[in-house]
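Structure, as structure tokens:
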Amino acid sequence: MNQLIKKAAVLGSGVMGSGIAAHLANNGIPTLLLDIVPRELTKEEAAKGLTLEDKQVRNRISAANIQKLLKQKPAPLTSKKNIALIEAGNLEDDLVKLKDVDWIIEVVVENLNVKKQVFAQVDQFRKPGSIVSSNTSGISVEAMAEGRSEDFQKHFLGTHFFNPPRYLKLLEVIPTQYTDPEVLFFMKTFGEDVLGKGVVVAKDTPNFIANRIGTYGLLVTVQEMLKAGLSVGEVDSITGPLIGRAKSATFRTLDVVGLDTFYHVAGNVYEKVDGEEKEAFKVPEFLKKMIENGWLGSKSGQGFFLKKGKEILELDPNTLEYGPRKKLSALSIELAKQEKGTADKLKALVYSNDKAGQFLWNTFTKNIIYSAKLLGEIADDIVAIDRAMKWGFGWEMGPFETWDAIGFEKSIQKMQDSGVAVPAWVLEMLENGFTSFYKEEAGELYFYDKGEYKLVEFNPKVIDLKKIKKQKGVIKKNSGASLIDIGDDVALLEFHSPNNALGFDTIQMINFAIDEVEKNYKGLVIGNQGKNFCVGANLAMMLMEAQDDNYDELDMVIRQLHNAMLKVKYSSKPVVAAPFAMTLGGGAEVCLPASKIQASSETYMGLVEVGVGLLPGGGGNKELYIKHLEGLPNGVQVDLQAVANKVFETIATAKVSTSAEEARENNFLSAADGISVNSDHQLYDAKQAVLALSEQGFKPRVRRKVPVVGEPGYATLLLGAEGMRLSGYLSEHDMKIAKKIAYVIAGGTVPYGTEVDEEYLLNLEREAFLSLIREPKTQQRMQHMLLKGKPLRN
């Protein structure tokens with residue numbers, strides 16, 4: 001199918017419709033956003049003398065919802081500039097514009113008749129071959145296609161985005177009996193490669209995969225809570241990260257989703273199923289009462305939780321009154337916390353007979369049995385179900401992976417002993433000698449499917465470091481990092497210390513990696529698949545050395561870090577850094593000197609050392625300043641002071657990007673650096689960048705002197721800092737830090753325009769860093785960050 005999506009249209013501009021339009025715009029796709037025509041004027045419109053026939057009035061709903069994108073939190077746009085790609089319109093005047101678009105996405109009210117009316121109009125105006133889809137969360141996709149033209153039906157399917165579309169990875173694609181298999185294949189590939197989604201093919205059943213199982217799981221948790229006499233807070237304390245689920249756990253998740261939305265989704269299944277399943281989707285009376293009271297969760301200011309001052313209160317479902325939030329304490333919880341992986345934590349919990357163990361056993365059992373019963377009805381295989389729950393609900397493990405984790409045979413025995421009916425196909429599987437849903441062989445992952453194990457298929461752009469290490473081993477490793485051969489003569493340096501913090505061991509591996517790559521490889525990728533790329537230097541180690549007055553030791557570590565970063569910068573082979581998620585302090589400093597950066601779209605990058613009373617100590621001041629200079633067009637007279645001001649402001653205010661696009665706007669990324677929309681494809685993209693640089697005849701950087709603003713520029717920077725102090729933005733200690741940053745960026749007290757070498761700037765940085773770390777207030781800030789996880793203002 002030679003289809004390209006150059007332009008799209010979204011019909012319906014509510015939160016979901018505008019969110020999808022924003023996601024398309026984030027990925028460079030111009031999008032037409034249409035909504036209904038208003039039936040009456042607002043007071044403001046009437047005062048301006050406008051009529052219902054004015055375009056401004058007719059496009060009002062869509063135009064207003066586009067503007068709301070700029071204020072929403074979390075931000076739907078990766079850069080505010082992307083709003084220019086979204087065009088407002090209405091469903092009466094602008095349907096004719098559908099002839100110019102390649103993909104039309106319907107996001108109108110969840111009503112089959114309304115949707116069918118919209119599609120009848122779309123069928124008249126769309127161009128043949130254009131894809132049409134519905135973002136329905138539960139209405140039959142098949143029913144929507146009835147009565148439409150043959151070309152429409154061939155190119156029609158469901159595309160169910162999860163909210164918010166920018167951040168949630170899952171995209172469920174639902175074909176009908178008429179959908180052309182090529183269209184389905186194209187949308188799956190396009191969803192993964194262009195929109196950065198995890199795409200799962202679902203069957204046309206109520207609520208599809210993730211919402212069907214997720215809603216069931218939430219309702220089961222509520223039912224088991226009431227039976228066990230637990231509180232809302234107690235349940236949330238054990239149904240979050242402890243068991244590999246999202247931090248928002250159960251009831252905080254319901255508050256975020258909105259109780260009215262949850263009620264609608266649960267009701268959708270309730271209306272369409274029978275018997276025991278129907279009973280399971282019956283929403284408890286207290287929840288209906290909460291909705292009647294307008295206690296809908298975050299959007300109404302209260303739900304299961306209510307914030308009063310600094311205290312968070314929890315709701316008692318029996319009395320509908322709020323009281324102090326509780327946490328469940330049990331021996332099994334303490335034992336689970338001592339285990340390392342989620343699988344071992346789960347085993348410690350579900351086979352325990354205390355309150356926590358019994359509650360989790362009951363909820364897990366119901367959830368995995370329900371998932372097993374639905375296999376074949378909602379999806380063709382267990383992989384689709386597991387991926388949907390991981391990508392849509394943030395579960396670390398899907399239902400079948402969870403079943404394997406708690407022990408397939410042991411759990412079935414316990415289920416049967418307690419009278420739980422296990423689906424026949426699972427018992428048959430066990431009888432035939434299959435003792436797990438998944439198995440690994442020679443580094444490859446297989447899943448059970450109808451009497452045999454089949455290879456789990458991945459997009460070819462997915463590089464799995466765990467798999468590579470199992471198959472090939474590592475070139476060299478220490479406690480902080482590993483050097484791995486990722487094929488095609490490209491090596492990868494993986495950080496794996498706690499939080500991927502930079503320590504002495506990491507610096508050693510950076511040096512070894514550059515030496516090894518220069519001898520035996522085409523280039524190096526610096527990347528990993530942890531929770532964050534790197535949150536900075538090892539703060540605990542630095543504080544301990546400072547408190548022990550080991551300043552010579554700290555001086556040596558900083559010198560070695562500087563040398564390692566220069567080695568990265570001047571490597572004779574290309575080095576591509578692949579940052580994602582938190583890339584803070586030392587994490588950003590590792591990226592800045594690389595030959596190229598291939599960032600994940602969701603990269604939160606910044607030099608945040610002022611938050612712990614320091615300034616960047618790994619060459620970040622110099623590198624960010626140089627990156628700004630290199631980003632300026634050739635032949636343009638450089639205003640060094642403007643560059644120094646911008647860099648000073650970025651570092652002194654600890655500015656962190658909220659996306660890779662914003663990191664580019666802050667000059668952490670240059671125009672030549674790449675952005676990977678799909679985080680699972682980032683290491684592949686970084687590897688391709690190394691190979692491209694190598695094939696183009698990579699030439700290492702030449703050392704050049706750096707022009708600085710010197711003494712007069714330093715005075716200008718201090719003036720700006722003094723203004724911030726007088727306005728109450730900076731404390732006395734902040735001012736002391738700001739002066740040091742200004743001195744380093746200015747290049748000391750040399751004349752304006754003096755060209756200095758990098759070592760000179762690094763020496764200024766090292767001296768400033770060591771002077772600040774001696775300060776008691778800085779050490780207090782460091783200690784506070786380590787204990788509380790947030791900055792101290794002192």
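Each chain in the structure tokens gets a letter, A, B, ..., in the order shown, and its residues are numbered from 1; ligands are numbered from 1 in order too.
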Fewer than 3 positions away in the same chain doesn't count, so skip those; otherwise give me all residues within 7 Å of stretch 24-37 of chain A, counting only C-alpha atoms, as a compact mmCIF listing (two decimals) with all heavy atoms, in the first residue's frame.
# COMPACT_ATOMS: atom_id res chain seq x y z
N LYS A 6 0.01 12.75 4.69
CA LYS A 6 0.61 14.08 4.64
C LYS A 6 -0.26 15.09 5.38
O LYS A 6 0.21 16.12 5.83
CB LYS A 6 0.79 14.53 3.18
CG LYS A 6 1.80 13.70 2.40
CD LYS A 6 1.86 14.18 0.97
CE LYS A 6 2.76 13.26 0.14
NZ LYS A 6 2.64 13.57 -1.29
N LYS A 7 -1.57 14.80 5.44
CA LYS A 7 -2.50 15.71 6.11
C LYS A 7 -3.62 14.89 6.72
O LYS A 7 -4.02 13.87 6.17
CB LYS A 7 -3.06 16.72 5.10
CG LYS A 7 -3.83 17.86 5.76
CD LYS A 7 -4.19 18.97 4.80
CE LYS A 7 -4.91 20.09 5.55
NZ LYS A 7 -5.32 21.19 4.67
N ALA A 8 -4.12 15.33 7.88
CA ALA A 8 -5.19 14.60 8.56
C ALA A 8 -6.32 15.55 8.95
O ALA A 8 -6.16 16.77 8.93
CB ALA A 8 -4.64 13.92 9.81
N ALA A 9 -7.47 14.97 9.27
CA ALA A 9 -8.59 15.74 9.80
C ALA A 9 -9.13 15.02 11.02
O ALA A 9 -9.24 13.79 11.02
CB ALA A 9 -9.68 15.89 8.74
N VAL A 10 -9.44 15.77 12.06
CA VAL A 10 -10.04 15.21 13.27
C VAL A 10 -11.42 15.83 13.41
O VAL A 10 -11.56 17.06 13.41
CB VAL A 10 -9.18 15.48 14.52
CG1 VAL A 10 -9.88 14.95 15.77
CG2 VAL A 10 -7.80 14.85 14.37
N LEU A 11 -12.45 14.99 13.51
CA LEU A 11 -13.83 15.47 13.62
C LEU A 11 -14.27 15.35 15.08
O LEU A 11 -14.44 14.25 15.60
CB LEU A 11 -14.75 14.64 12.71
CG LEU A 11 -14.23 14.36 11.29
CD1 LEU A 11 -15.26 13.59 10.48
CD2 LEU A 11 -13.88 15.66 10.57
N GLY A 12 -14.42 16.50 15.73
CA GLY A 12 -14.71 16.52 17.17
C GLY A 12 -13.51 17.11 17.88
O GLY A 12 -12.42 16.53 17.84
N SER A 13 -13.69 18.29 18.53
CA SER A 13 -12.52 18.99 19.07
C SER A 13 -12.49 19.01 20.60
O SER A 13 -11.83 19.85 21.19
CB SER A 13 -12.51 20.43 18.54
OG SER A 13 -13.55 21.20 19.13
N ILE A 20 -5.67 14.40 20.12
CA ILE A 20 -5.18 13.62 18.97
C ILE A 20 -4.61 14.58 17.92
O ILE A 20 -3.54 14.32 17.34
CB ILE A 20 -6.31 12.75 18.38
CG1 ILE A 20 -6.70 11.64 19.37
CG2 ILE A 20 -5.90 12.14 17.04
CD1 ILE A 20 -7.96 10.88 19.00
N ALA A 21 -5.31 15.69 17.68
CA ALA A 21 -4.82 16.70 16.72
C ALA A 21 -3.45 17.21 17.16
O ALA A 21 -2.54 17.38 16.33
CB ALA A 21 -5.81 17.85 16.61
N ARG A 58 -18.73 30.62 13.58
CA ARG A 58 -18.99 29.24 13.12
C ARG A 58 -17.84 28.28 13.49
O ARG A 58 -18.06 27.10 13.71
CB ARG A 58 -19.24 29.24 11.61
CG ARG A 58 -20.55 29.96 11.24
CD ARG A 58 -20.75 30.06 9.75
NE ARG A 58 -21.15 28.78 9.14
CZ ARG A 58 -22.37 28.26 9.20
NH1 ARG A 58 -23.33 28.90 9.85
NH2 ARG A 58 -22.65 27.11 8.60
N ASN A 59 -16.61 28.83 13.59
CA ASN A 59 -15.45 27.99 13.96
C ASN A 59 -15.08 28.11 15.44
O ASN A 59 -14.05 27.60 15.87
CB ASN A 59 -14.21 28.40 13.13
CG ASN A 59 -14.33 28.03 11.67
OD1 ASN A 59 -15.25 27.30 11.28
ND2 ASN A 59 -13.41 28.51 10.86
N ILE A 61 -16.00 26.86 18.37
CA ILE A 61 -15.77 25.72 19.27
C ILE A 61 -14.40 25.10 19.01
O ILE A 61 -13.61 24.89 19.93
CB ILE A 61 -16.91 24.68 19.13
CG1 ILE A 61 -18.23 25.31 19.60
CG2 ILE A 61 -16.59 23.42 19.93
CD1 ILE A 61 -19.46 24.47 19.33
N SER A 62 -14.12 24.84 17.75
CA SER A 62 -12.83 24.25 17.39
C SER A 62 -11.68 25.20 17.73
O SER A 62 -10.68 24.79 18.33
CB SER A 62 -12.83 23.92 15.90
OG SER A 62 -11.57 23.54 15.48
N LEU A 77 0.99 19.53 23.65
CA LEU A 77 1.92 19.89 22.59
C LEU A 77 3.36 19.76 23.09
O LEU A 77 3.68 20.20 24.19
CB LEU A 77 1.68 21.34 22.14
CG LEU A 77 0.33 21.63 21.47
CD1 LEU A 77 0.05 23.13 21.47
CD2 LEU A 77 0.30 21.08 20.05
N THR A 78 4.23 19.17 22.26
CA THR A 78 5.65 19.07 22.66
C THR A 78 6.35 20.41 22.49
O THR A 78 7.39 20.65 23.06
CB THR A 78 6.38 18.00 21.83
OG1 THR A 78 6.16 18.25 20.43
CG2 THR A 78 5.88 16.60 22.16
N ASN A 82 3.89 24.08 17.59
CA ASN A 82 3.16 23.06 16.81
C ASN A 82 1.69 23.42 16.60
O ASN A 82 1.03 22.86 15.73
CB ASN A 82 3.26 21.69 17.49
CG ASN A 82 4.69 21.17 17.51
OD1 ASN A 82 5.52 21.60 16.71
ND2 ASN A 82 4.98 20.25 18.41
N LEU A 85 0.20 24.07 13.18
CA LEU A 85 -0.16 22.98 12.25
C LEU A 85 -1.62 22.56 12.37
O LEU A 85 -2.09 21.71 11.62
CB LEU A 85 0.74 21.76 12.48
CG LEU A 85 2.19 21.90 11.99
CD1 LEU A 85 3.03 20.74 12.49
CD2 LEU A 85 2.25 21.98 10.47
N ILE A 86 -2.35 23.13 13.35
CA ILE A 86 -3.76 22.75 13.55
C ILE A 86 -4.66 23.88 13.03
O ILE A 86 -4.55 25.02 13.48
CB ILE A 86 -4.06 22.46 15.03
CG1 ILE A 86 -3.05 21.46 15.61
CG2 ILE A 86 -5.48 21.90 15.18
CD1 ILE A 86 -3.17 21.24 17.11
N GLU A 87 -5.55 23.53 12.11
CA GLU A 87 -6.45 24.52 11.50
C GLU A 87 -7.87 24.29 12.02
O GLU A 87 -8.38 23.17 12.00
CB GLU A 87 -6.41 24.34 9.97
CG GLU A 87 -7.31 25.29 9.22
CD GLU A 87 -7.45 24.93 7.74
OE1 GLU A 87 -6.64 24.12 7.23
OE2 GLU A 87 -8.38 25.45 7.10
N ALA A 88 -8.50 25.38 12.48
CA ALA A 88 -9.87 25.28 13.00
C ALA A 88 -10.88 25.30 11.85
O ALA A 88 -10.65 25.93 10.82
CB ALA A 88 -10.15 26.44 13.94
N GLY A 89 -11.99 24.60 12.06
CA GLY A 89 -13.06 24.61 11.07
C GLY A 89 -14.34 24.07 11.68
O GLY A 89 -14.41 23.83 12.89
N ASN A 90 -15.38 23.88 10.85
CA ASN A 90 -16.63 23.32 11.38
C ASN A 90 -17.19 22.25 10.43
O ASN A 90 -16.78 22.15 9.27
CB ASN A 90 -17.65 24.43 11.64
CG ASN A 90 -18.14 25.07 10.36
OD1 ASN A 90 -18.91 24.47 9.61
ND2 ASN A 90 -17.69 26.30 10.10
N LEU A 91 -18.11 21.47 10.98
CA LEU A 91 -18.62 20.29 10.28
C LEU A 91 -19.66 20.61 9.20
O LEU A 91 -20.17 19.69 8.56
CB LEU A 91 -19.20 19.30 11.29
CG LEU A 91 -18.16 18.57 12.16
CD1 LEU A 91 -18.82 17.95 13.37
CD2 LEU A 91 -17.43 17.51 11.35
N LEU A 195 3.78 7.70 14.73
CA LEU A 195 3.10 8.26 15.91
C LEU A 195 3.74 7.81 17.23
O LEU A 195 3.36 8.28 18.30
CB LEU A 195 1.61 7.88 15.89
CG LEU A 195 0.82 8.38 14.68
CD1 LEU A 195 -0.64 7.95 14.80
CD2 LEU A 195 0.91 9.89 14.52
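With only C-alpha atoms taken into account, the protein and nucleic acid residues at most 7 Å from stretch 667-670 of chain A (excluding it and anything under 5 positions from it in its own chain) are Leu592, Ile597, Leu624, Lys627, His628 and Gly631 of chain A.
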- Message: Considering only C-alpha atoms, can you say which of A:Lys390, A:Lys327, A:Lys687, A:Arg703 comes closest to A:Gly527?
- Response: A:Lys687
- Message: I need the helix (DSSP H, G or I) residues of stretch 631-698 of chain A per DSSP on the backbone, written as a ChimeraX atom specification.
- Response: /A:640-652,660-665,679-695
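In this model, the gap between atom CA of A:Ala442 and atom CA of A:Lys466 comes to 12.3 Å.
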- Show which residues sit within 8 Å of A:Leu614, as a PyMOL selection string. Count only C-alpha atoms, and ignore same-chain residues fewer than 5 positions away. chain A and resi 609+737+769+772-773+778
Put those residues in a file: all heavy atoms, as a compact mmCIF listing (two decimals), in the first residue's frame.
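The new file out.txt reads:
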# COMPACT_ATOMS: atom_id res chain seq x y z
N GLU A 609 21.96 21.71 38.68
CA GLU A 609 22.82 21.63 39.87
C GLU A 609 22.55 22.72 40.90
O GLU A 609 22.81 22.52 42.09
CB GLU A 609 24.30 21.68 39.44
CG GLU A 609 24.81 20.41 38.78
CD GLU A 609 24.47 20.25 37.31
OE1 GLU A 609 23.72 21.10 36.76
OE2 GLU A 609 24.93 19.28 36.70
N ILE A 737 25.80 31.36 44.28
CA ILE A 737 25.91 30.35 43.20
C ILE A 737 25.86 31.06 41.85
O ILE A 737 26.65 30.76 40.94
CB ILE A 737 24.78 29.31 43.32
CG1 ILE A 737 24.81 28.59 44.67
CG2 ILE A 737 24.88 28.26 42.19
CD1 ILE A 737 23.50 27.90 45.03
N PHE A 769 33.16 24.92 41.40
CA PHE A 769 32.44 23.76 41.95
C PHE A 769 32.99 23.41 43.33
O PHE A 769 32.24 23.22 44.29
CB PHE A 769 32.60 22.58 40.99
CG PHE A 769 31.79 21.36 41.37
CD1 PHE A 769 30.52 21.16 40.83
CD2 PHE A 769 32.27 20.42 42.27
CE1 PHE A 769 29.76 20.05 41.18
CE2 PHE A 769 31.53 19.31 42.62
CZ PHE A 769 30.27 19.13 42.07
N LEU A 772 32.03 25.91 46.01
CA LEU A 772 30.62 25.82 46.43
C LEU A 772 30.35 24.59 47.29
O LEU A 772 29.56 24.65 48.23
CB LEU A 772 29.71 25.82 45.20
CG LEU A 772 29.48 27.17 44.52
CD1 LEU A 772 28.72 27.00 43.22
CD2 LEU A 772 28.73 28.14 45.45
N ILE A 773 31.01 23.48 46.97
CA ILE A 773 30.71 22.24 47.72
C ILE A 773 31.25 22.33 49.15
O ILE A 773 30.83 21.57 50.03
CB ILE A 773 31.23 20.99 46.97
CG1 ILE A 773 30.43 19.75 47.41
CG2 ILE A 773 32.72 20.78 47.16
CD1 ILE A 773 30.63 18.53 46.54
N THR A 778 25.33 24.66 50.93
CA THR A 778 25.28 23.73 49.80
C THR A 778 25.16 22.31 50.32
O THR A 778 24.35 21.52 49.81
CB THR A 778 26.53 23.89 48.91
OG1 THR A 778 26.40 25.09 48.16
CG2 THR A 778 26.69 22.72 47.94
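Taking atom CA of A:Ser133 and atom CA of A:Ile378 as endpoints, the distance between them is 19.0 Å.
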- Give me the residues within 10 Å of A:Gly487 as an MDAnalysis selection string, counting only C-alpha atoms and dropping any in the same chain fewer than 5 places off. chainID A and resid 468 472 492 521 687
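If you measure from each of A:Tyr729, A:Phe119, A:Phe251, A:Phe162 to A:Ser298 using only C-alpha atoms, the closest one turns out to be A:Phe251.
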Just the residues within 9 Å of stretch 476-481 of chain A, please, counting only C-alpha atoms, with nothing from its chain fewer than 3 positions along; format it as a short mmCIF file (atom, residue, chain, number, x, y, z; two decimals) with all heavy atoms, in the first residue's frame.
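Printed below is selection22.cif as written:
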data_model
loop_
_atom_site.label_atom_id
_atom_site.label_comp_id
_atom_site.auth_asym_id
_atom_site.auth_seq_id
_atom_site.Cartn_x
_atom_site.Cartn_y
_atom_site.Cartn_z
N GLY A 473 26.55 -11.59 25.39
CA GLY A 473 27.36 -11.18 26.54
C GLY A 473 27.76 -9.72 26.40
O GLY A 473 27.28 -9.01 25.53
N ILE A 484 28.55 -2.90 25.33
CA ILE A 484 27.86 -4.01 24.65
C ILE A 484 28.03 -3.86 23.14
O ILE A 484 27.96 -2.76 22.61
CB ILE A 484 26.34 -3.97 24.99
CG1 ILE A 484 26.11 -3.93 26.49
CG2 ILE A 484 25.60 -5.16 24.38
CD1 ILE A 484 24.76 -3.35 26.89
N LEU A 493 27.34 1.96 25.17
CA LEU A 493 27.70 2.13 26.57
C LEU A 493 26.42 2.30 27.37
O LEU A 493 25.67 3.26 27.17
CB LEU A 493 28.60 3.35 26.75
CG LEU A 493 29.04 3.65 28.19
CD1 LEU A 493 29.91 2.53 28.75
CD2 LEU A 493 29.78 4.99 28.26
N GLU A 494 26.16 1.34 28.27
CA GLU A 494 24.92 1.33 29.06
C GLU A 494 25.25 1.68 30.51
O GLU A 494 26.07 1.03 31.14
CB GLU A 494 24.30 -0.07 28.99
CG GLU A 494 23.07 -0.23 29.87
CD GLU A 494 22.68 -1.69 30.12
OE1 GLU A 494 23.57 -2.55 30.17
OE2 GLU A 494 21.48 -1.95 30.26
N PHE A 495 24.59 2.71 31.04
CA PHE A 495 24.70 3.03 32.47
C PHE A 495 23.72 2.13 33.23
O PHE A 495 22.60 1.93 32.79
CB PHE A 495 24.34 4.49 32.76
CG PHE A 495 25.21 5.52 32.05
CD1 PHE A 495 24.74 6.80 31.84
CD2 PHE A 495 26.48 5.20 31.61
CE1 PHE A 495 25.52 7.75 31.19
CE2 PHE A 495 27.27 6.14 30.97
CZ PHE A 495 26.78 7.42 30.75
N HIS A 496 24.13 1.61 34.38
CA HIS A 496 23.18 0.80 35.17
C HIS A 496 23.44 0.90 36.67
O HIS A 496 23.13 -0.02 37.43
CB HIS A 496 23.17 -0.66 34.72
CG HIS A 496 24.53 -1.29 34.54
ND1 HIS A 496 25.46 -1.36 35.54
CD2 HIS A 496 25.10 -1.84 33.44
CE1 HIS A 496 26.55 -1.96 35.09
NE2 HIS A 496 26.37 -2.26 33.80
N SER A 497 23.99 2.04 37.13
CA SER A 497 24.09 2.26 38.57
C SER A 497 22.70 2.66 39.08
O SER A 497 21.82 2.93 38.26
CB SER A 497 25.09 3.38 38.84
OG SER A 497 24.62 4.57 38.24
N PRO A 498 22.47 2.73 40.40
CA PRO A 498 21.15 3.19 40.87
C PRO A 498 20.84 4.57 40.28
O PRO A 498 21.66 5.49 40.35
CB PRO A 498 21.33 3.26 42.40
CG PRO A 498 22.43 2.28 42.69
CD PRO A 498 23.35 2.33 41.50
N ASN A 500 21.03 5.40 37.43
CA ASN A 500 22.02 5.69 36.37
C ASN A 500 22.85 6.92 36.71
O ASN A 500 23.24 7.68 35.83
CB ASN A 500 21.34 5.87 35.01
CG ASN A 500 20.76 4.56 34.50
OD1 ASN A 500 21.11 3.49 34.98
ND2 ASN A 500 19.88 4.63 33.53
N ALA A 501 23.13 7.11 38.01
CA ALA A 501 23.94 8.26 38.43
C ALA A 501 25.39 8.04 38.03
O ALA A 501 25.88 6.91 38.02
CB ALA A 501 23.83 8.44 39.95
N LEU A 502 26.08 9.15 37.70
CA LEU A 502 27.48 9.06 37.28
C LEU A 502 28.38 8.98 38.51
O LEU A 502 28.32 9.81 39.40
CB LEU A 502 27.88 10.32 36.49
CG LEU A 502 27.18 10.58 35.16
CD1 LEU A 502 27.68 11.89 34.57
CD2 LEU A 502 27.41 9.44 34.19
N GLY A 503 29.22 7.97 38.52
CA GLY A 503 30.21 7.83 39.58
C GLY A 503 31.57 7.54 38.96
O GLY A 503 31.72 7.52 37.74
N PHE A 504 32.54 7.25 39.81
CA PHE A 504 33.89 6.99 39.33
C PHE A 504 33.93 5.79 38.38
O PHE A 504 34.64 5.78 37.38
CB PHE A 504 34.80 6.76 40.55
CG PHE A 504 36.26 6.74 40.21
CD1 PHE A 504 36.86 7.84 39.59
CD2 PHE A 504 37.05 5.63 40.49
CE1 PHE A 504 38.21 7.83 39.27
CE2 PHE A 504 38.39 5.61 40.16
CZ PHE A 504 38.98 6.71 39.55
N ASP A 505 33.12 4.77 38.72
CA ASP A 505 33.08 3.55 37.88
C ASP A 505 32.55 3.87 36.47
O ASP A 505 33.04 3.34 35.47
CB ASP A 505 32.24 2.45 38.54
CG ASP A 505 30.93 2.95 39.11
OD1 ASP A 505 30.58 4.14 38.92
OD2 ASP A 505 30.21 2.15 39.76
N THR A 506 31.55 4.77 36.40
CA THR A 506 31.00 5.15 35.09
C THR A 506 32.05 5.88 34.26
O THR A 506 32.18 5.65 33.06
CB THR A 506 29.76 6.07 35.26
OG1 THR A 506 28.99 5.63 36.38
CG2 THR A 506 28.90 6.07 34.02
N ILE A 507 32.80 6.79 34.92
CA ILE A 507 33.84 7.54 34.21
C ILE A 507 34.88 6.59 33.63
O ILE A 507 35.31 6.73 32.48
CB ILE A 507 34.51 8.56 35.16
CG1 ILE A 507 33.49 9.60 35.65
CG2 ILE A 507 35.69 9.26 34.48
CD1 ILE A 507 33.98 10.46 36.81
N GLN A 508 35.27 5.58 34.42
CA GLN A 508 36.23 4.57 33.93
C GLN A 508 35.71 3.87 32.68
O GLN A 508 36.45 3.66 31.71
CB GLN A 508 36.49 3.53 35.03
CG GLN A 508 37.34 4.03 36.17
CD GLN A 508 37.54 2.95 37.22
OE1 GLN A 508 36.61 2.23 37.59
NE2 GLN A 508 38.76 2.82 37.71
N MET A 509 34.40 3.54 32.69
CA MET A 509 33.83 2.83 31.54
C MET A 509 33.70 3.74 30.32
O MET A 509 33.82 3.27 29.19
CB MET A 509 32.46 2.24 31.90
CG MET A 509 32.52 0.94 32.69
SD MET A 509 33.44 -0.39 31.89
CE MET A 509 32.47 -0.63 30.41
N ILE A 510 33.48 5.04 30.53
CA ILE A 510 33.43 5.98 29.40
C ILE A 510 34.80 5.98 28.71
O ILE A 510 34.91 5.87 27.48
CB ILE A 510 33.04 7.41 29.86
CG1 ILE A 510 31.57 7.45 30.31
CG2 ILE A 510 33.26 8.42 28.73
CD1 ILE A 510 31.16 8.74 31.01
N PHE A 512 37.17 3.65 28.84
CA PHE A 512 37.43 2.36 28.20
C PHE A 512 36.65 2.25 26.89
O PHE A 512 37.17 1.79 25.87
CB PHE A 512 37.04 1.20 29.13
CG PHE A 512 37.14 -0.15 28.46
CD1 PHE A 512 38.35 -0.79 28.31
CD2 PHE A 512 36.00 -0.76 27.91
CE1 PHE A 512 38.45 -2.01 27.66
CE2 PHE A 512 36.09 -1.98 27.25
CZ PHE A 512 37.32 -2.61 27.14
N ALA A 513 35.38 2.69 26.93
CA ALA A 513 34.50 2.58 25.75
C ALA A 513 35.08 3.34 24.56
O ALA A 513 35.13 2.82 23.44
CB ALA A 513 33.10 3.10 26.09
#
- Task: Fewer than 3 positions away in the same chain doesn't count, so skip those; otherwise give me all residues within 10 Å of A:Gln560, counting only C-alpha atoms, as a ChimeraX atom specification.
- Result: /A:504,507-508,511,554-557,563-566,618
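The gap separating atom CA of A:Glu623 from atom CA of A:Lys739 is 18.7 Å, in Å to one decimal.
Minimum atom-to-atom distance to A:Gln547, evaluated using only C-alpha atoms, belongs to A:Glu775 out of A:Glu767, A:Glu775, A:Glu661, A:Glu444.
Comparing A:Pro776, A:Gly357, A:Pro707, A:Pro175 by their smallest distance to A:Lys154, the closest is A:Pro175 (using only C-alpha atoms).
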